[in-house]
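J.: Provided below: target-v4.tsv, containing TSV, C-alpha atoms.
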chain	number	residue	atom	x	y	z
A	1	MET	CA	-37.30	2.32	-5.55
A	2	ASN	CA	-37.24	0.77	-9.02
A	3	PHE	CA	-33.73	-0.17	-10.17
A	4	SER	CA	-34.84	-1.35	-13.60
A	5	ASN	CA	-32.03	0.42	-15.43
A	6	LEU	CA	-29.31	-1.05	-13.23
A	7	LYS	CA	-30.87	-4.53	-13.38
A	8	LYS	CA	-30.99	-4.34	-17.17
A	9	CYS	CA	-27.35	-3.21	-17.24
A	10	MET	CA	-26.33	-6.15	-15.03
A	11	ASP	CA	-28.30	-8.65	-17.11
A	12	GLU	CA	-26.67	-7.33	-20.28
A	13	HIS	CA	-23.21	-7.70	-18.75
A	14	VAL	CA	-23.95	-11.42	-18.36
A	15	SER	CA	-25.99	-12.19	-21.49
A	16	HIS	CA	-24.42	-9.86	-24.08
A	17	GLU	CA	-20.82	-9.81	-22.89
A	18	LEU	CA	-20.72	-13.41	-21.67
A	19	ARG	CA	-19.57	-12.83	-18.10
A	20	PRO	CA	-20.36	-15.88	-16.00
A	21	SER	CA	-22.03	-13.72	-13.34
A	22	VAL	CA	-22.27	-10.29	-11.75
A	23	ASP	CA	-23.09	-9.04	-8.25
A	24	VAL	CA	-23.96	-5.46	-7.31
A	25	ALA	CA	-24.90	-3.65	-4.10
A	26	VAL	CA	-26.05	-0.05	-3.70
A	27	TYR	CA	-26.07	1.78	-0.37
A	28	ARG	CA	-27.27	5.24	0.57
A	29	ASN	CA	-26.96	6.65	4.09
A	30	HIS	CA	-26.30	3.17	5.54
A	31	GLU	CA	-29.40	1.71	3.88
A	32	LEU	CA	-29.03	-1.13	1.40
A	33	LEU	CA	-31.18	0.15	-1.46
A	34	TYR	CA	-30.50	-2.57	-3.99
A	35	ARG	CA	-28.75	-5.94	-4.20
A	36	TYR	CA	-28.77	-8.07	-7.33
A	37	PHE	CA	-26.72	-11.04	-8.49
A	38	THR	CA	-27.20	-13.29	-11.49
A	39	GLY	CA	-25.33	-15.97	-13.43
A	40	VAL	CA	-23.21	-18.98	-12.57
A	41	LYS	CA	-20.09	-19.17	-10.43
A	42	ASP	CA	-18.60	-22.25	-12.09
A	43	ILE	CA	-18.82	-22.52	-15.86
A	44	GLU	CA	-17.68	-26.14	-15.95
A	45	ASN	CA	-19.84	-27.50	-13.14
A	46	GLY	CA	-22.71	-25.03	-13.03
A	47	GLY	CA	-24.26	-23.63	-9.89
A	48	ASP	CA	-25.98	-20.27	-9.65
A	49	VAL	CA	-24.34	-17.47	-7.68
A	50	THR	CA	-25.88	-17.09	-4.23
A	51	GLY	CA	-24.49	-13.71	-3.18
A	52	ASP	CA	-22.07	-14.98	-0.55
A	53	GLU	CA	-19.24	-15.74	-2.99
A	54	GLN	CA	-15.69	-14.97	-1.91
A	55	TYR	CA	-13.65	-13.05	-4.50
A	56	PHE	CA	-10.01	-12.24	-5.07
A	57	ILE	CA	-10.53	-8.46	-5.14
A	58	TYR	CA	-7.07	-7.59	-6.47
A	59	SER	CA	-6.64	-3.80	-6.69
A	60	MET	CA	-9.83	-3.11	-4.75
A	61	THR	CA	-7.42	-3.85	-1.88
A	62	LYS	CA	-5.81	-0.47	-2.54
A	63	MET	CA	-8.69	1.58	-1.15
A	64	ILE	CA	-8.58	-0.33	2.14
A	65	THR	CA	-4.80	0.08	2.36
A	66	CYS	CA	-5.12	3.81	1.72
A	67	CYS	CA	-7.87	4.04	4.34
A	68	CYS	CA	-5.55	2.46	6.93
A	69	ALA	CA	-2.70	4.79	5.98
A	70	LEU	CA	-5.04	7.77	6.31
A	71	GLN	CA	-6.03	6.65	9.80
A	72	LEU	CA	-2.36	6.74	10.76
A	73	LEU	CA	-2.02	10.18	9.14
A	74	GLU	CA	-4.77	11.37	11.49
A	75	GLN	CA	-2.74	9.96	14.39
A	76	GLY	CA	0.29	12.01	13.37
A	77	LYS	CA	2.48	9.03	12.51
A	78	TYR	CA	3.78	10.82	9.40
A	79	ASP	CA	3.26	13.79	7.08
A	80	LEU	CA	2.39	13.33	3.43
A	81	ASP	CA	5.57	15.11	2.34
A	82	ASP	CA	7.85	12.96	4.50
A	83	PRO	CA	10.46	10.97	2.52
A	84	ILE	CA	9.80	7.26	2.90
A	85	SER	CA	13.52	6.72	3.56
A	86	LYS	CA	12.76	8.02	7.06
A	87	TRP	CA	11.38	4.52	7.76
A	88	LEU	CA	12.69	2.55	4.78
A	89	PRO	CA	16.28	3.79	4.39
A	90	GLU	CA	16.80	1.43	1.45
A	91	PHE	CA	14.79	3.92	-0.66
A	92	GLY	CA	17.13	6.82	0.14
A	93	LYS	CA	19.10	6.60	-3.10
A	94	MET	CA	17.14	5.32	-6.07
A	95	LYS	CA	18.45	4.43	-9.51
A	96	ILE	CA	16.63	6.13	-12.38
A	97	THR	CA	16.45	5.61	-16.11
A	98	ALA	CA	16.33	8.22	-18.85
A	99	THR	CA	14.39	5.85	-21.13
A	100	ALA	CA	11.05	7.35	-22.18
A	101	LEU	CA	8.15	6.24	-19.98
A	102	ASN	CA	5.66	3.87	-21.58
A	103	THR	CA	2.28	4.35	-19.92
A	104	GLU	CA	0.35	1.91	-22.11
A	105	ASN	CA	0.75	-1.08	-19.78
A	106	ALA	CA	-0.82	0.74	-16.84
A	107	LYS	CA	-4.40	0.21	-18.02
A	108	LYS	CA	-3.68	-3.43	-18.83
A	109	ILE	CA	-2.53	-4.02	-15.25
A	110	ALA	CA	-5.49	-2.19	-13.74
A	111	SER	CA	-7.95	-4.20	-15.85
A	112	GLY	CA	-6.23	-7.54	-15.33
A	113	GLN	CA	-5.11	-8.00	-18.93
A	114	SER	CA	-1.61	-8.19	-17.47
A	115	VAL	CA	-0.57	-9.27	-13.97
A	116	GLY	CA	2.65	-7.25	-14.05
A	117	GLU	CA	5.34	-5.70	-16.17
A	118	SER	CA	8.30	-7.08	-18.01
A	119	ILE	CA	10.43	-4.02	-18.58
A	120	GLU	CA	13.91	-3.17	-19.71
A	121	VAL	CA	15.61	-0.33	-17.86
A	122	THR	CA	18.83	1.52	-18.38
A	123	ASP	CA	20.68	2.78	-15.32
A	124	ASP	CA	21.35	6.44	-16.03
A	125	GLY	CA	22.13	7.68	-12.55
A	126	TYR	CA	20.10	8.45	-9.46
A	127	ALA	CA	16.88	10.32	-8.78
A	128	LYS	CA	17.29	13.84	-7.44
A	129	THR	CA	13.89	13.87	-5.73
A	130	PRO	CA	13.24	11.63	-2.72
A	131	ILE	CA	10.13	9.46	-2.81
A	132	THR	CA	7.57	10.83	-0.36
A	133	VAL	CA	4.55	9.19	1.23
A	134	LYS	CA	2.31	11.28	-1.02
A	135	HIS	CA	4.14	9.94	-4.08
A	136	LEU	CA	3.14	6.44	-2.94
A	137	PHE	CA	-0.51	7.42	-2.46
A	138	THR	CA	-0.66	9.09	-5.88
A	139	MET	CA	1.34	6.50	-7.88
A	140	THR	CA	3.90	9.14	-8.83
A	141	ALA	CA	6.94	7.53	-7.19
A	142	GLY	CA	8.37	6.14	-10.45
A	143	LEU	CA	8.11	2.47	-9.41
A	144	ASP	CA	6.87	-0.30	-11.71
A	145	TYR	CA	4.51	-3.28	-11.30
A	146	SER	CA	7.03	-6.01	-12.01
A	147	LEU	CA	6.74	-8.90	-9.55
A	148	TYR	CA	9.44	-11.02	-11.13
A	149	ASP	CA	12.32	-8.69	-12.00
A	150	ASP	CA	15.87	-9.17	-10.71
A	151	ALA	CA	15.14	-7.28	-7.50
A	152	MET	CA	12.29	-9.60	-6.57
A	153	ARG	CA	13.94	-12.82	-7.77
A	154	ASN	CA	17.09	-12.01	-5.83
A	155	ALA	CA	15.07	-11.30	-2.70
A	156	ALA	CA	13.27	-14.63	-3.02
A	157	ALA	CA	16.59	-16.43	-3.55
A	158	GLU	CA	17.85	-14.87	-0.31
A	159	GLY	CA	14.86	-16.29	1.55
A	160	LYS	CA	13.02	-13.00	2.00
A	161	LYS	CA	9.30	-13.63	2.42
A	162	THR	CA	7.63	-11.09	4.71
A	163	THR	CA	5.90	-7.94	3.56
A	164	GLN	CA	8.59	-5.65	4.89
A	165	GLU	CA	11.47	-7.78	3.59
A	166	LEU	CA	10.13	-7.94	0.05
A	167	VAL	CA	9.13	-4.27	-0.01
A	168	ARG	CA	12.63	-3.28	1.09
A	169	ALA	CA	13.93	-5.31	-1.85
A	170	MET	CA	11.85	-3.10	-4.17
A	171	ALA	CA	14.35	-0.33	-3.44
A	172	ASN	CA	16.65	-2.16	-5.87
A	173	LYS	CA	14.30	-1.35	-8.73
A	174	THR	CA	15.10	1.42	-11.22
A	175	LEU	CA	12.66	4.34	-11.25
A	176	GLY	CA	11.06	5.27	-14.54
A	177	PHE	CA	11.00	9.00	-13.83
A	178	GLU	CA	11.74	11.61	-11.19
A	179	PRO	CA	9.25	11.13	-8.33
A	180	GLY	CA	6.30	13.50	-8.55
A	181	THR	CA	6.58	14.21	-12.29
A	182	ARG	CA	4.52	11.41	-13.91
A	183	PHE	CA	1.85	8.82	-13.07
A	184	ARG	CA	2.53	5.10	-13.41
A	185	TYR	CA	0.37	2.37	-11.92
A	186	SER	CA	2.79	0.44	-9.77
A	187	LEU	CA	3.66	-1.30	-6.52
A	188	CYS	CA	3.38	2.00	-4.62
A	189	HIS	CA	0.56	0.76	-2.41
A	190	ASP	CA	2.49	-2.40	-1.54
A	191	VAL	CA	5.21	-0.11	-0.21
A	192	LEU	CA	2.52	1.86	1.62
A	193	GLY	CA	1.37	-1.41	3.19
A	194	ALA	CA	4.86	-1.99	4.61
A	195	LEU	CA	4.87	1.52	6.05
A	196	ILE	CA	1.54	0.82	7.74
A	197	GLU	CA	3.24	-2.11	9.48
A	198	ILE	CA	6.12	0.10	10.62
A	199	TRP	CA	3.90	2.97	11.78
A	200	SER	CA	1.46	0.69	13.62
A	201	GLY	CA	3.69	-2.12	14.87
A	202	GLU	CA	1.17	-4.63	13.44
A	203	THR	CA	1.16	-6.82	10.38
A	204	LEU	CA	-0.92	-5.24	7.63
A	205	GLY	CA	-3.61	-7.90	7.92
A	206	ASN	CA	-3.90	-7.55	11.68
A	207	TYR	CA	-4.07	-3.77	11.47
A	208	MET	CA	-6.86	-3.94	8.87
A	209	ARG	CA	-8.79	-6.46	10.92
A	210	LYS	CA	-8.66	-4.46	14.15
A	211	ASN	CA	-9.18	-1.00	12.69
A	212	VAL	CA	-11.44	-1.52	9.67
A	213	PHE	CA	-12.96	-4.99	9.32
A	214	GLU	CA	-14.12	-5.65	12.89
A	215	PRO	CA	-15.48	-2.11	13.52
A	216	LEU	CA	-17.48	-2.26	10.27
A	217	GLY	CA	-18.71	-5.84	10.72
A	218	MET	CA	-16.72	-7.15	7.73
A	219	LYS	CA	-16.47	-10.86	8.58
A	220	ASN	CA	-15.11	-12.32	5.35
A	221	THR	CA	-12.23	-10.08	4.26
A	222	PHE	CA	-8.63	-11.21	4.67
A	223	PHE	CA	-5.32	-11.85	2.91
A	224	GLY	CA	-4.73	-15.12	1.10
A	225	LEU	CA	-6.80	-18.21	1.82
A	226	PRO	CA	-7.56	-19.99	5.08
A	227	GLU	CA	-6.03	-23.43	5.63
A	228	ASP	CA	-9.51	-24.95	5.66
A	229	ILE	CA	-11.29	-23.50	2.65
A	230	SER	CA	-14.45	-25.43	3.58
A	231	LYS	CA	-14.97	-23.01	6.50
A	232	MET	CA	-15.30	-19.94	4.28
A	233	PRO	CA	-18.09	-18.87	1.92
A	234	SER	CA	-17.80	-20.40	-1.52
A	235	LEU	CA	-14.73	-19.09	-3.34
A	236	TYR	CA	-15.58	-18.00	-6.83
A	237	SER	CA	-13.59	-19.75	-9.56
A	238	ASN	CA	-11.10	-17.33	-11.07
A	239	TYR	CA	-11.32	-16.97	-14.86
A	240	GLY	CA	-9.11	-15.39	-17.48
A	241	ASN	CA	-8.60	-15.17	-21.23
A	242	PRO	CA	-12.16	-14.12	-22.25
A	243	PRO	CA	-14.23	-15.09	-24.12
A	244	VAL	CA	-12.77	-18.61	-23.73
A	245	PHE	CA	-12.86	-18.27	-19.92
A	246	LYS	CA	-9.93	-20.36	-18.88
A	247	LYS	CA	-10.09	-21.32	-15.20
A	248	GLU	CA	-7.06	-19.96	-13.32
A	249	ASN	CA	-5.21	-21.43	-10.36
A	250	LEU	CA	-6.85	-20.77	-7.00
A	251	ARG	CA	-4.32	-18.23	-5.77
A	252	CYS	CA	-3.64	-14.51	-5.84
A	253	VAL	CA	-0.33	-13.99	-7.64
A	254	TYR	CA	0.17	-10.63	-5.94
A	255	ASN	CA	0.69	-12.30	-2.56
A	256	ILE	CA	4.15	-13.34	-3.73
A	257	SER	CA	4.94	-15.50	-0.71
A	258	ASP	CA	2.94	-17.21	2.03
A	259	GLU	CA	3.94	-14.43	4.44
A	260	TYR	CA	3.57	-11.48	2.06
A	261	GLU	CA	0.44	-9.34	2.36
A	262	SER	CA	0.04	-7.21	-0.74
A	263	GLY	CA	-1.37	-3.80	0.15
A	264	GLY	CA	-1.98	-3.28	-3.55
A	265	ALA	CA	-3.84	-6.42	-4.54
A	266	GLY	CA	-3.85	-9.19	-1.94
A	267	LEU	CA	-7.25	-9.26	-0.23
A	268	THR	CA	-10.12	-11.69	-0.56
A	269	SER	CA	-13.61	-10.35	0.20
A	270	THR	CA	-17.34	-10.57	-0.51
A	271	THR	CA	-19.78	-8.12	-2.04
A	272	GLU	CA	-21.55	-7.72	1.30
A	273	ASP	CA	-18.32	-6.95	3.17
A	274	TYR	CA	-16.91	-4.53	0.64
A	275	ALA	CA	-20.23	-2.70	0.39
A	276	LEU	CA	-20.04	-1.99	4.13
A	277	PHE	CA	-16.59	-0.45	3.61
A	278	LEU	CA	-17.73	1.78	0.73
A	279	ASP	CA	-20.84	2.85	2.61
A	280	MET	CA	-18.56	4.07	5.40
A	281	VAL	CA	-16.53	6.14	2.95
A	282	ALA	CA	-19.66	7.58	1.28
A	283	CYS	CA	-21.00	8.61	4.69
A	284	GLY	CA	-18.03	10.71	5.72
A	285	GLY	CA	-16.03	8.02	7.48
A	286	VAL	CA	-18.79	6.57	9.70
A	287	GLY	CA	-19.91	2.99	9.15
A	288	LYS	CA	-23.34	1.39	9.32
A	289	THR	CA	-22.37	0.10	12.78
A	290	GLY	CA	-21.83	3.67	13.97
A	291	ALA	CA	-18.06	3.21	14.12
A	292	ARG	CA	-16.03	6.19	12.95
A	293	ILE	CA	-13.17	4.97	10.78
A	294	LEU	CA	-11.99	8.31	9.36
A	295	LYS	CA	-12.68	11.98	9.97
A	296	GLN	CA	-14.91	13.63	7.38
A	297	GLU	CA	-12.15	16.05	6.40
A	298	THR	CA	-9.83	13.08	5.81
A	299	VAL	CA	-12.36	11.49	3.45
A	300	LYS	CA	-12.53	14.82	1.59
A	301	LEU	CA	-8.73	14.88	1.31
A	302	TRP	CA	-8.79	11.29	0.07
A	303	GLY	CA	-11.23	12.10	-2.75
A	304	THR	CA	-9.53	15.31	-3.89
A	305	ASN	CA	-7.51	15.30	-7.10
A	306	HIS	CA	-3.78	15.46	-6.27
A	307	VAL	CA	-2.17	15.11	-9.72
A	308	SER	CA	-1.46	17.77	-12.34
A	309	GLY	CA	0.62	18.36	-15.43
A	310	ALA	CA	2.09	15.28	-17.12
A	311	ALA	CA	0.92	13.02	-14.27
A	312	ALA	CA	-2.69	14.14	-14.83
A	313	GLU	CA	-2.34	13.54	-18.56
A	314	ASP	CA	-0.97	10.06	-17.89
A	315	PHE	CA	-3.95	9.18	-15.70
A	316	ASP	CA	-6.52	10.65	-18.08
A	317	LYS	CA	-5.43	8.02	-20.58
A	318	MET	CA	-6.58	5.38	-18.09
A	319	ARG	CA	-9.82	7.04	-16.95
A	320	ARG	CA	-11.07	9.90	-19.11
A	321	GLY	CA	-12.50	12.78	-17.14
A	322	TYR	CA	-10.93	11.63	-13.90
A	323	GLY	CA	-8.05	12.85	-11.80
A	324	TYR	CA	-6.28	10.82	-9.14
A	325	GLY	CA	-6.57	11.41	-5.41
A	326	LEU	CA	-4.86	9.55	-2.58
A	327	GLY	CA	-5.12	6.17	-4.25
A	328	VAL	CA	-8.48	6.66	-6.01
A	329	ARG	CA	-9.78	7.99	-9.31
A	330	VAL	CA	-11.64	11.28	-8.77
A	331	HIS	CA	-14.34	12.59	-11.10
A	332	ILE	CA	-13.36	16.06	-12.33
A	333	ASP	CA	-14.80	16.53	-15.84
A	334	PRO	CA	-18.26	15.17	-16.80
A	335	THR	CA	-17.86	16.38	-20.38
A	336	ARG	CA	-14.93	13.99	-20.82
A	337	SER	CA	-16.14	11.11	-18.66
A	338	GLY	CA	-19.67	10.91	-20.04
A	339	THR	CA	-20.93	9.88	-16.61
A	340	LEU	CA	-23.92	11.21	-14.67
A	341	SER	CA	-22.17	10.96	-11.31
A	342	PRO	CA	-21.29	14.28	-9.68
A	343	VAL	CA	-17.86	15.87	-9.65
A	344	GLY	CA	-16.08	14.43	-6.62
A	345	GLU	CA	-17.30	10.84	-7.06
A	346	PHE	CA	-14.37	8.51	-6.48
A	347	GLY	CA	-13.29	4.87	-6.13
A	348	TRP	CA	-11.17	2.20	-7.76
A	349	ASP	CA	-11.29	-1.13	-9.60
A	350	GLY	CA	-9.92	-4.67	-9.48
A	351	ALA	CA	-8.13	-6.78	-12.08
A	352	ALA	CA	-10.95	-9.36	-12.24
A	353	GLY	CA	-13.43	-6.63	-13.14
A	354	ALA	CA	-14.49	-5.48	-9.68
A	355	PHE	CA	-15.55	-1.82	-9.55
A	356	SER	CA	-16.24	0.53	-6.65
A	357	MET	CA	-17.88	3.94	-6.60
A	358	VAL	CA	-18.34	6.41	-3.76
A	359	ASP	CA	-20.48	9.54	-4.10
A	360	PRO	CA	-19.86	11.71	-1.00
A	361	VAL	CA	-22.22	14.40	-2.33
A	362	ASN	CA	-25.27	12.12	-2.12
A	363	ASN	CA	-23.87	9.55	0.37
A	364	VAL	CA	-24.24	6.83	-2.25
A	365	SER	CA	-21.94	3.87	-2.89
A	366	LEU	CA	-21.94	1.05	-5.40
A	367	THR	CA	-20.02	-2.23	-5.17
A	368	TYR	CA	-19.72	-4.41	-8.27
A	369	PHE	CA	-18.05	-7.81	-8.50
A	370	GLN	CA	-17.44	-10.22	-11.33
A	371	ASN	CA	-14.51	-12.61	-11.60
A	372	VAL	CA	-12.91	-12.51	-15.02
A	373	LEU	CA	-9.35	-11.27	-15.37
A	374	GLY	CA	-8.83	-8.78	-18.18
A	375	TYR	CA	-12.51	-8.14	-18.86
A	376	GLU	CA	-13.60	-4.77	-17.50
A	377	PRO	CA	-17.26	-3.90	-17.05
A	378	ASP	CA	-18.69	-0.82	-18.72
A	379	GLN	CA	-18.20	1.48	-15.74
A	380	CYS	CA	-19.86	4.46	-17.39
A	381	ALA	CA	-22.96	2.42	-18.24
A	382	ILE	CA	-23.20	1.12	-14.66
A	383	ARG	CA	-22.91	4.61	-13.17
A	384	ASN	CA	-25.41	6.13	-15.56
A	385	ALA	CA	-27.95	3.33	-14.99
A	386	LEU	CA	-27.60	3.88	-11.23
A	387	TYR	CA	-28.14	7.64	-11.41
A	388	LYS	CA	-31.14	7.28	-13.70
A	389	ASP	CA	-32.72	4.92	-11.18
A	390	LEU	CA	-31.89	7.21	-8.24
A	391	GLY	CA	-33.20	10.27	-10.08
A	392	LEU	CA	-30.10	12.23	-9.09
Show this structure as structure tokens.

T.:
Amino acid sequence: MNFSNLKKCMDEHVSHELRPSVDVAVYRNHELLYRYFTGVKDIENGGDVTGDEQYFIYSMTKMITCCCALQLLEQGKYDLDDPISKWLPEFGKMKITATALNTENAKKIASGQSVGESIEVTDDGYAKTPITVKHLFTMTAGLDYSLYDDAMRNAAAEGKKTTQELVRAMANKTLGFEPGTRFRYSLCHDVLGALIEIWSGETLGNYMRKNVFEPLGMKNTFFGLPEDISKMPSLYSNYGNPPVFKKENLRCVYNISDEYESGGAGLTSTTEDYALFLDMVACGGVGKTGARILKQETVKLWGTNHVSGAAAEDFDKMRRGYGYGLGVRVHIDPTRSGTLSPVGEFGWDGAAGAFSMVDPVNNVSLTYFQNVLGYEPDQCAIRNALYKDLGL
């Protein structure tokens, strides 16, 4: 199959838009149809990309966290409409502000132009609606994405470091709206990660390893960095502030302590590994290894739009023509999106420009990695190039 359109699109992302490099993988029905990488991985010292680069995947972590939570839903550990205070009682009574919600920062966080929020809130009472598990999945809980507000600083000062300890401290935040009424990109999936630990009795990283990574043959996906970096595939230098491309510190700021595993943005992975994960999703929950990770009906539930009203309007500002499922954008309106992918295509992105796409109609998946904070790829152009090459 000739992937000339997708290759041209990738080359243009490097040459015209000055990304150091790009890496893309396309699967269909467990077959790797196309893999292409080009560019350099270190602007200062040179060196061509080799395809085994390790990336901070930031919010591409969210899909894996949601997958794990959906496994536990299948096991009957919770219902979507359960209040999270059933397991995290600290969230039973949440402060709320009447200040108008500003949704503009959400896209900046998702694209990496901002690593969090600095917000001012006014305590105007308490929320009437309890936060449910579904509110966490759908980013409608009213939480924010501030890593360094009073709630988090106070927790750090008290010596709290683990995932569950720091997530419980998030209950001291002030909600921006009544849960279920609006969409705001936030720390919801970090809270979901803590619930996975409670439901499973495992740390988030251990649960992912046993139930997703090992069954799918994902050998280079984990939280944080190993003590001996020399034993891992080459870690791609992290860049920000395009087009200057300032090299960033070699750390993921979302893992806010050595013991914290961010379900929203903390994983490190490779294109090869993540492509195996997306191929599983595109093929109804069964991986290339033959391992069943999710039931087909669960994958369908995952990729169904679950937001409406003001929440849907909020999300449309981030991704035109898309709704939001259980932690993923969901294609619902081709006339607004301008994309050739079918209705029902879904996936998510990462702050350094990573982009994932799952097409359950045609069992197609696409994994795209670059490593520049705040510099999104042209997702529509990538999708359309892919579908022209596939003839779908």

J.: With distances taken over only C-alpha atoms, which of A:Ile256, A:Leu278, A:Cys67, A:Ala311 is nearest to Tyr185 in chain A?

T.: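 Answer, going by the shortest atom-to-atom distance: A:Ala311.
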
J.: Report as a list in words all protein, DNA and RNA residues lying within 12 Å of His13 in chain A, evaluated on all atoms listed in the file, omitting residues in the same chain fewer than 4 positions from it.

T.: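 Once the nearby chain positions are removed, what remains is Leu6, Lys7, Lys8, Cys9, Glu17, Leu18, Arg19, Pro20, Ser21, Val22, Asp23, Val24, Phe37, Thr38, Gly39, Gly353, Tyr368, Phe369, Gln370, Val372, Tyr375, Glu376, Pro377, Asp378, Gln379, Ala381 and Ile382 of chain A.
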
J.: Give me, please, the distance in Å between CA of Cys68 in chain A and CA of Met208 in chain A, quoted to one decimal.

T.: 6.8 Å

J.: I need the residue nearest Val26 in chain A from this list: A:Thr289, A:Thr271, A:Gln54, A:Asn371. Use all atoms listed in the file for the distance.

T.: A:Thr271

J.: What does the distance from CA of Phe223 in chain A to CA of Tyr34 in chain A come to in Å, to one decimal?

T.: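 Spanning CA of Phe223 in chain A to CA of Tyr34 in chain A is a straight-line distance of 27.7 Å.
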
J.: How many Å separate CA of Asn29 in chain A from CA of Gln71 in chain A?

T.: 21.7 Å

J.: May I have the residues within 10 Å of Ile293 in chain A as an MDAnalysis selection string, using all atoms listed in the file and disregarding those fewer than 4 positions away in the same chain?

T.: chainID A and resid 67:68 70:71 211:212 215:216 277 280:281 284:287 299

J.: Take the point (15.1, -2.9, 1.1) as written in the file and pick out every residue within 12 Å of it, counting all atoms listed in the file; give the list as a PDB file with C-alpha atoms, in the frame of the given file.

T.:
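Ended up saving to selection26.pdb:
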ATOM      1  CA  ILE A  84       9.800   7.260   2.900  1.00  0.00           C
ATOM      2  CA  SER A  85      13.520   6.720   3.560  1.00  0.00           C
ATOM      3  CA  TRP A  87      11.380   4.520   7.760  1.00  0.00           C
ATOM      4  CA  LEU A  88      12.690   2.550   4.780  1.00  0.00           C
ATOM      5  CA  PRO A  89      16.280   3.790   4.390  1.00  0.00           C
ATOM      6  CA  GLU A  90      16.800   1.430   1.450  1.00  0.00           C
ATOM      7  CA  PHE A  91      14.790   3.920  -0.660  1.00  0.00           C
ATOM      8  CA  GLY A  92      17.130   6.820   0.140  1.00  0.00           C
ATOM      9  CA  LYS A  93      19.100   6.600  -3.100  1.00  0.00           C
ATOM     10  CA  MET A  94      17.140   5.320  -6.070  1.00  0.00           C
ATOM     11  CA  ALA A 151      15.140  -7.280  -7.500  1.00  0.00           C
ATOM     12  CA  MET A 152      12.290  -9.600  -6.570  1.00  0.00           C
ATOM     13  CA  ASN A 154      17.090 -12.010  -5.830  1.00  0.00           C
ATOM     14  CA  ALA A 155      15.070 -11.300  -2.700  1.00  0.00           C
ATOM     15  CA  LYS A 160      13.020 -13.000   2.000  1.00  0.00           C
ATOM     16  CA  THR A 162       7.630 -11.090   4.710  1.00  0.00           C
ATOM     17  CA  THR A 163       5.900  -7.940   3.560  1.00  0.00           C
ATOM     18  CA  GLN A 164       8.590  -5.650   4.890  1.00  0.00           C
ATOM     19  CA  GLU A 165      11.470  -7.780   3.590  1.00  0.00           C
ATOM     20  CA  LEU A 166      10.130  -7.940   0.050  1.00  0.00           C
ATOM     21  CA  VAL A 167       9.130  -4.270  -0.010  1.00  0.00           C
ATOM     22  CA  ARG A 168      12.630  -3.280   1.090  1.00  0.00           C
ATOM     23  CA  ALA A 169      13.930  -5.310  -1.850  1.00  0.00           C
ATOM     24  CA  MET A 170      11.850  -3.100  -4.170  1.00  0.00           C
ATOM     25  CA  ALA A 171      14.350  -0.330  -3.440  1.00  0.00           C
ATOM     26  CA  ASN A 172      16.650  -2.160  -5.870  1.00  0.00           C
ATOM     27  CA  LYS A 173      14.300  -1.350  -8.730  1.00  0.00           C
ATOM     28  CA  VAL A 191       5.210  -0.110  -0.210  1.00  0.00           C
ATOM     29  CA  ALA A 194       4.860  -1.990   4.610  1.00  0.00           C
TER      30      ALA A 194
END

J.: With all atoms listed in the file as the counted atoms, please give the residues lying no more than 12 Å from Glu345 in chain A, apart from itself and same-chain residues fewer than 6 positions off, as number ranges by chain.

T.: A: 278, 281-282, 299-300, 302-305, 321-325, 328-334, 337, 339, 356-366, 383

J.: Near Leu267 in chain A, within 6 Å and counting all atoms listed in the file, which residues show up once chain neighbours fewer than 4 positions away are dropped, as a ChimeraX atom specification?

T.: /A:57,61,222-223

J.: So which one's closest to Ala98 in chain A, A:Phe213, A:Tyr58, A:Tyr126, A:Tyr239? Using only C-alpha atoms, please.

T.: A:Tyr126

J.: Can you sort out the box for range 341-348 of chain A, edges along x, y and z, all listed atoms in, 6 Å on every side, with centre and edge lengths in Å to one decimal, as JSON?

T.:
{"center_x": -16.7, "center_y": 9.0, "center_z": -8.7, "size_x": 23.0, "size_y": 25.7, "size_z": 17.2}

J.: Would you please work out which residue, of A:Pro83, A:Pro130, A:Leu175, A:Gly125, is nearest to Gly142 in chain A when using all atoms listed in the file?

T.: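 Under the stated criterion, the closest residue is A:Leu175.
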
J.: Between A:Ile43, A:Val307, A:Leu143, A:Ala25, single out the one closest to Phe3 in chain A, counting all atoms listed in the file.

T.: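 Closest to Phe3 in chain A, using all atoms listed in the file: A:Ala25.
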
J.: Would you list the contacts of Leu390 in chain A as a PDB file with C-alpha atoms, in the coordinates of the input, taking every protein, DNA or RNA residue within 9 Å and counting all atoms listed in the file, but skipping same-chain residues closer than 4 positions in sequence?

T.:
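Result saved to result-v9.pdb:
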ATOM      1  CA  MET A   1     -37.300   2.320  -5.550  1.00  0.00           C
ATOM      2  CA  ASN A   2     -37.240   0.770  -9.020  1.00  0.00           C
ATOM      3  CA  PHE A   3     -33.730  -0.170 -10.170  1.00  0.00           C
ATOM      4  CA  ALA A 385     -27.950   3.330 -14.990  1.00  0.00           C
ATOM      5  CA  LEU A 386     -27.600   3.880 -11.230  1.00  0.00           C
TER       6      LEU A 386
END
